[in-house]
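Trainee: Sharing run25.txt here; it has compact mmCIF, C-alpha atoms.
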```txt
# COMPACT_ATOMS: atom_id res chain seq x y z
CA MET A 1 121.20 97.16 -3.32
CA LYS A 2 123.05 100.03 -5.01
CA HIS A 3 125.03 99.52 -8.21
CA TYR A 4 128.04 101.42 -9.45
CA THR A 5 130.81 101.19 -11.99
CA SER A 6 134.38 102.34 -11.42
CA TYR A 7 137.97 101.69 -12.38
CA TYR A 8 140.69 99.84 -10.52
CA ALA A 9 142.72 102.99 -9.76
CA ASN A 10 139.72 104.24 -7.74
CA TYR A 11 139.53 101.13 -5.53
CA ARG A 12 140.94 102.77 -2.40
CA ASN A 13 138.19 105.43 -2.51
CA ILE A 14 135.35 102.93 -2.48
CA PRO A 15 133.81 102.07 0.91
CA LYS A 16 134.77 98.65 2.26
CA SER A 17 131.06 97.90 2.68
CA TYR A 18 130.79 97.85 -1.14
CA LEU A 19 131.75 94.71 -3.05
CA CYS A 20 134.07 95.55 -5.94
CA VAL A 21 133.70 93.05 -8.80
CA GLY A 22 136.32 93.00 -11.53
CA ILE A 23 134.68 92.67 -14.94
CA SER A 24 137.83 92.84 -17.05
CA ARG A 25 139.45 89.95 -18.90
CA MET A 26 142.48 90.15 -16.61
CA CYS A 27 142.94 91.20 -13.00
CA PRO A 28 145.47 93.95 -12.32
CA LYS A 29 148.75 92.48 -11.08
CA TRP A 30 148.60 94.57 -7.89
CA PHE A 31 145.16 93.17 -7.05
CA ASP A 32 146.27 89.61 -7.70
CA GLU A 33 149.42 90.02 -5.58
CA ASN A 34 147.43 91.52 -2.66
CA LYS A 35 144.22 89.47 -2.92
CA ASP A 36 144.35 88.31 0.72
CA GLU A 37 144.21 91.93 1.89
CA LEU A 38 141.38 92.96 -0.46
CA LYS A 39 138.39 91.62 1.46
CA ASN A 40 135.82 93.48 -0.66
CA PHE A 41 137.22 92.60 -4.11
CA LEU A 42 136.10 89.72 -6.30
CA TRP A 43 137.46 88.83 -9.71
CA VAL A 44 136.41 85.72 -11.60
CA LYS A 45 138.46 84.45 -14.54
CA ASP A 46 136.40 84.54 -17.73
CA ASN A 47 133.78 86.78 -16.14
CA PHE A 48 130.83 86.86 -18.52
CA LEU A 49 130.53 90.65 -18.14
CA ALA A 50 133.96 91.10 -19.74
CA PRO A 51 134.24 91.47 -23.52
CA SER A 52 135.55 88.44 -25.36
CA GLU A 53 139.24 88.20 -26.14
CA GLN A 54 138.33 88.18 -29.84
CA LEU A 55 136.39 91.44 -29.52
CA LEU A 56 139.19 93.12 -27.58
CA ASN A 57 141.82 92.00 -30.10
CA SER A 58 139.79 93.08 -33.13
CA THR A 59 139.30 96.52 -31.57
CA LYS A 60 142.94 96.78 -30.54
CA HIS A 61 144.09 95.97 -34.09
CA GLY A 62 141.60 98.34 -35.71
CA SER A 63 139.38 95.81 -37.47
CA THR A 64 136.40 96.68 -35.23
CA ASP A 65 135.38 100.30 -34.69
CA ILE A 66 133.65 101.65 -31.61
CA THR A 67 130.16 101.37 -33.14
CA GLU A 68 130.68 97.70 -34.00
CA TYR A 69 132.29 97.08 -30.60
CA LYS A 70 129.17 98.39 -28.83
CA LYS A 71 126.91 96.16 -30.89
CA GLN A 72 129.08 93.06 -30.48
CA TYR A 73 129.61 93.55 -26.74
CA ILE A 74 125.88 93.84 -26.08
CA GLU A 75 125.15 90.81 -28.27
CA GLU A 76 127.87 88.83 -26.45
CA LEU A 77 126.45 89.93 -23.10
CA PHE A 78 122.94 88.74 -23.99
CA LYS A 79 124.27 85.39 -25.23
CA LYS A 80 126.58 84.83 -22.25
CA THR A 81 123.79 85.75 -19.82
CA ALA A 82 121.59 83.06 -21.34
CA ASP A 83 124.50 80.58 -21.46
CA MET A 84 125.06 81.14 -17.72
CA GLY A 85 121.42 80.19 -17.07
CA TYR A 86 120.01 83.62 -16.33
CA LYS A 87 116.69 84.67 -17.83
CA ASP A 88 118.15 88.09 -18.64
CA ILE A 89 120.59 90.64 -17.22
CA PRO A 90 118.18 91.84 -14.49
CA ASP A 91 117.85 88.21 -13.36
CA PHE A 92 121.64 88.08 -12.91
CA ILE A 93 121.69 91.44 -11.08
CA HIS A 94 118.84 90.45 -8.75
CA GLN A 95 120.45 87.09 -7.94
CA ALA A 96 123.81 88.79 -7.27
CA ASP A 97 122.06 91.36 -5.04
CA ALA A 98 120.34 88.62 -3.05
CA HIS A 99 123.53 86.62 -2.65
CA PHE A 100 125.88 89.47 -1.73
CA SER A 101 123.46 91.15 0.67
CA THR A 102 123.16 87.96 2.72
CA CYS A 103 126.73 86.58 2.74
CA LEU A 104 128.82 86.36 5.88
CA THR A 105 129.92 89.91 5.10
CA PRO A 106 126.80 91.58 3.71
CA TYR A 107 127.54 94.34 1.20
CA ASP A 108 125.65 97.60 0.66
CA ALA A 109 126.48 97.92 -3.05
CA ILE A 110 128.15 96.23 -5.99
CA VAL A 111 130.78 98.13 -7.95
CA PHE A 112 131.59 96.72 -11.41
CA MET A 113 135.24 97.55 -12.12
CA CYS A 114 137.71 97.55 -14.98
CA TYR A 115 140.77 99.51 -16.09
CA GLU A 116 139.76 102.63 -18.01
CA ALA A 117 139.28 106.06 -16.45
CA PRO A 118 135.69 107.39 -16.31
CA SER A 119 136.10 109.60 -19.38
CA GLU A 120 137.51 106.79 -21.56
CA PHE A 121 135.40 104.42 -23.66
CA CYS A 122 134.93 101.10 -21.89
CA HIS A 123 132.55 98.15 -21.78
CA ARG A 124 131.57 99.02 -18.19
CA HIS A 125 129.96 102.22 -19.49
CA LEU A 126 127.95 100.10 -21.93
CA LEU A 127 126.89 97.82 -19.08
CA ARG A 128 125.91 100.81 -16.93
CA ARG A 129 123.87 102.35 -19.74
CA LEU A 130 122.18 99.03 -20.46
CA LEU A 131 121.19 98.71 -16.80
CA ASN A 132 119.93 102.30 -16.63
CA ASN A 133 118.36 102.80 -20.03
CA VAL A 134 116.92 99.41 -20.85
CA TYR A 135 116.28 97.70 -17.52
CA ASN A 136 115.68 100.71 -15.24
CA ILE A 137 118.28 99.43 -12.75
CA GLU A 138 120.06 102.48 -11.38
CA CYS A 139 123.81 102.30 -11.85
CA THR A 140 126.20 105.25 -11.70
CA GLU A 141 129.95 105.76 -11.97
CA TYR A 142 131.21 105.88 -8.38
CA GLY A 143 132.37 109.30 -7.24
CA VAL A 144 132.11 110.97 -10.66
CA LYS A 145 129.56 113.41 -12.05
CA GLU A 146 127.60 111.97 -14.98
CA SER A 147 128.90 114.73 -17.23
CA ASP A 148 132.47 113.48 -16.58
CA THR A 149 131.82 109.93 -17.79
CA TRP A 150 132.31 108.65 -21.31
CA GLY A 151 129.40 109.50 -23.60
CA TYR A 152 126.65 109.43 -21.00
CA ARG A 153 123.29 110.60 -22.22
CA PRO A 154 120.02 109.32 -20.77
CA ILE A 155 117.68 107.55 -23.12
CA ASN A 156 114.26 106.38 -22.06
CA ILE A 157 113.47 102.93 -23.39
CA GLN A 158 110.80 100.74 -21.89
CA PRO A 159 112.05 97.59 -20.13
CA ASN A 160 111.56 94.35 -22.06
CA GLU A 161 111.20 96.28 -25.32
CA GLU A 162 112.89 94.34 -28.11
CA ILE A 163 116.27 95.87 -28.81
CA LYS A 164 116.67 96.04 -32.57
CA ASN A 165 119.55 98.48 -32.81
CA THR A 166 121.78 98.22 -29.76
CA THR A 167 124.10 101.00 -30.95
CA ALA A 168 121.21 103.49 -30.73
CA LEU A 169 121.26 102.95 -26.95
CA PHE A 170 124.81 104.17 -26.64
```
Will you turn the file into structure tokens for me?

Mentor:
Amino acid sequence: MKHYTSYYANYRNIPKSYLCVGISRMCPKWFDENKDELKNFLWVKDNFLAPSEQLLNSTKHGSTDITEYKKQYIEELFKKTADMGYKDIPDFIHQADAHFSTCLTPYDAIVFMCYEAPSEFCHRHLLRRLLNNVYNIECTEYGVKESDTWGYRPINIQPNEEIKNTTALF
């Protein structure tokens, strides 16, 4: 299955055969109000791919800078993945792929979505880079050249290598 990231404002440009999964702390009001019409959109409250409320608030109020945010988000992601019963992030991705490719409406791709535009810093870019650079799971920003996304630079790290300095990945 293919994997992408995107932002909610781009939803209408994404093929209906792709499952759009909201990975933000909150769902956009428009999506919530029209959820019966959005057959290829899924948002789960307290999605484990979303940053914690504490991390968002500390960043919003300036007590956490972008470098610390990156580190904390990745650490949270690893912990939440284990708490959810997945061996690691690829285990979650592979299980999601298997499930969503065999549902009543099989999907061709999963698009992880949140609010920020492609050029703005966002946790989805960290997730995409983690999938690409650490786990060798291809994931691109839907409909955008790599050079137009926030801070993208490929780094070759072997899968399963212990990650000692997560900020070096990003």

Trainee: Which is closest to Leu49 in chain A among A:Cys20, A:Val144, A:Ala9, A:Met113, if we use all atoms listed in the file?

Mentor: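 Ranking A:Cys20, A:Val144, A:Ala9, A:Met113 by distance to Leu49 in chain A, first place goes to A:Met113.
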
Trainee: Give me the residues of range 40-99 of chain A that have any atom at most 10 Å from an atom of range 123-126 of chain A; for each, the nearest atom pair and the distance in Å, rounded to one decimal. Use only C-alpha atoms, sort by chain and number, and format it as JSON lines.

Mentor:
```
{"residue": "A:Leu49", "atom": "CA", "partner": "A:Arg124", "partner_atom": "CA", "distance": 8.4}
{"residue": "A:Ala50", "atom": "CA", "partner": "A:His123", "partner_atom": "CA", "distance": 7.5}
{"residue": "A:Pro51", "atom": "CA", "partner": "A:His123", "partner_atom": "CA", "distance": 7.1}
{"residue": "A:Tyr69", "atom": "CA", "partner": "A:His123", "partner_atom": "CA", "distance": 8.9}
{"residue": "A:Lys70", "atom": "CA", "partner": "A:Leu126", "partner_atom": "CA", "distance": 7.2}
{"residue": "A:Lys71", "atom": "CA", "partner": "A:Leu126", "partner_atom": "CA", "distance": 9.8}
{"residue": "A:Tyr73", "atom": "CA", "partner": "A:His123", "partner_atom": "CA", "distance": 7.4}
{"residue": "A:Ile74", "atom": "CA", "partner": "A:Leu126", "partner_atom": "CA", "distance": 7.8}
```

Trainee: Would you work out the distance separating CA of Tyr18 in chain A from CA of Cys114 in chain A, expressed in Å to one decimal?

Mentor: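 For CA of Tyr18 in chain A relative to CA of Cys114 in chain A, the distance reads 15.5 Å.
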
Trainee: Nearest residue to His94 in chain A out of A:Val44, A:Ile137, A:Ala117, A:Ile66, using all atoms listed in the file?

Mentor: A:Ile137

Trainee: Counting only C-alpha atoms, which of A:Thr102, A:Ser147, A:Asn136, A:Asn47 gets nearest to His3 in chain A?

Mentor: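 For His3 in chain A, the nearest of the given residues is A:Asn136.
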
Trainee: So for range 138-151 of chain A, what box centre and size do we get, axis-aligned, 5 Å extra on each of the six sides, every listed atom, Å to one decimal, as JSON?

Mentor:
```
{"center_x": 126.3, "center_y": 108.5, "center_z": -15.4, "size_x": 22.4, "size_y": 22.4, "size_z": 26.4}
```

Trainee: At most 10 Å from (140.4, 108.2, -18.7), file frame, only C-alpha atoms: which residues, as a CSV table (one decimal) with C-alpha atoms, in the coordinates of the input?

Mentor:
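Generated output (selection.csv):
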```
chain,number,residue,atom,x,y,z
A,7,TYR,CA,138.0,101.7,-12.4
A,115,TYR,CA,140.8,99.5,-16.1
A,116,GLU,CA,139.8,102.6,-18.0
A,117,ALA,CA,139.3,106.1,-16.4
A,118,PRO,CA,135.7,107.4,-16.3
A,119,SER,CA,136.1,109.6,-19.4
A,120,GLU,CA,137.5,106.8,-21.6
A,121,PHE,CA,135.4,104.4,-23.7
A,122,CYS,CA,134.9,101.1,-21.9
A,148,ASP,CA,132.5,113.5,-16.6
A,149,THR,CA,131.8,109.9,-17.8
A,150,TRP,CA,132.3,108.6,-21.3
```

Trainee: In Å, with one decimal, what is the gap from CA of Phe31 in chain A to CA of Arg12 in chain A?

Mentor: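 Between CA of Phe31 in chain A and CA of Arg12 in chain A the gap works out to 11.5 Å.
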
Trainee: Of the candidates A:Cys139, A:Arg25, A:Gly151, A:Val111, which one gets nearest to Ser6 in chain A if we count only C-alpha atoms?

Mentor: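 Checking each of A:Cys139, A:Arg25, A:Gly151, A:Val111 against Ser6 in chain A, counting only C-alpha atoms, the winner is A:Val111.
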
Trainee: Enter the distance from CA of Phe48 in chain A to CA of Lys145 in chain A, in Å, rounded to one decimal.

Mentor: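 If I compute the distance from CA of Phe48 in chain A to CA of Lys145 in chain A, I get 27.4 Å.
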
Trainee: Rank nothing, just name the residue among A:Val21, A:Cys103, A:Lys16, A:Leu77 nearest to Glu37 in chain A, using only C-alpha atoms.

Mentor: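 So, comparing all the options, the nearest one is A:Lys16.
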
Trainee: Closest to His99 in chain A among A:Thr140, A:Asn133, A:Met1, A:Leu38, using all atoms listed in the file?

Mentor: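 Smallest distance to His99 in chain A is found for A:Met1.
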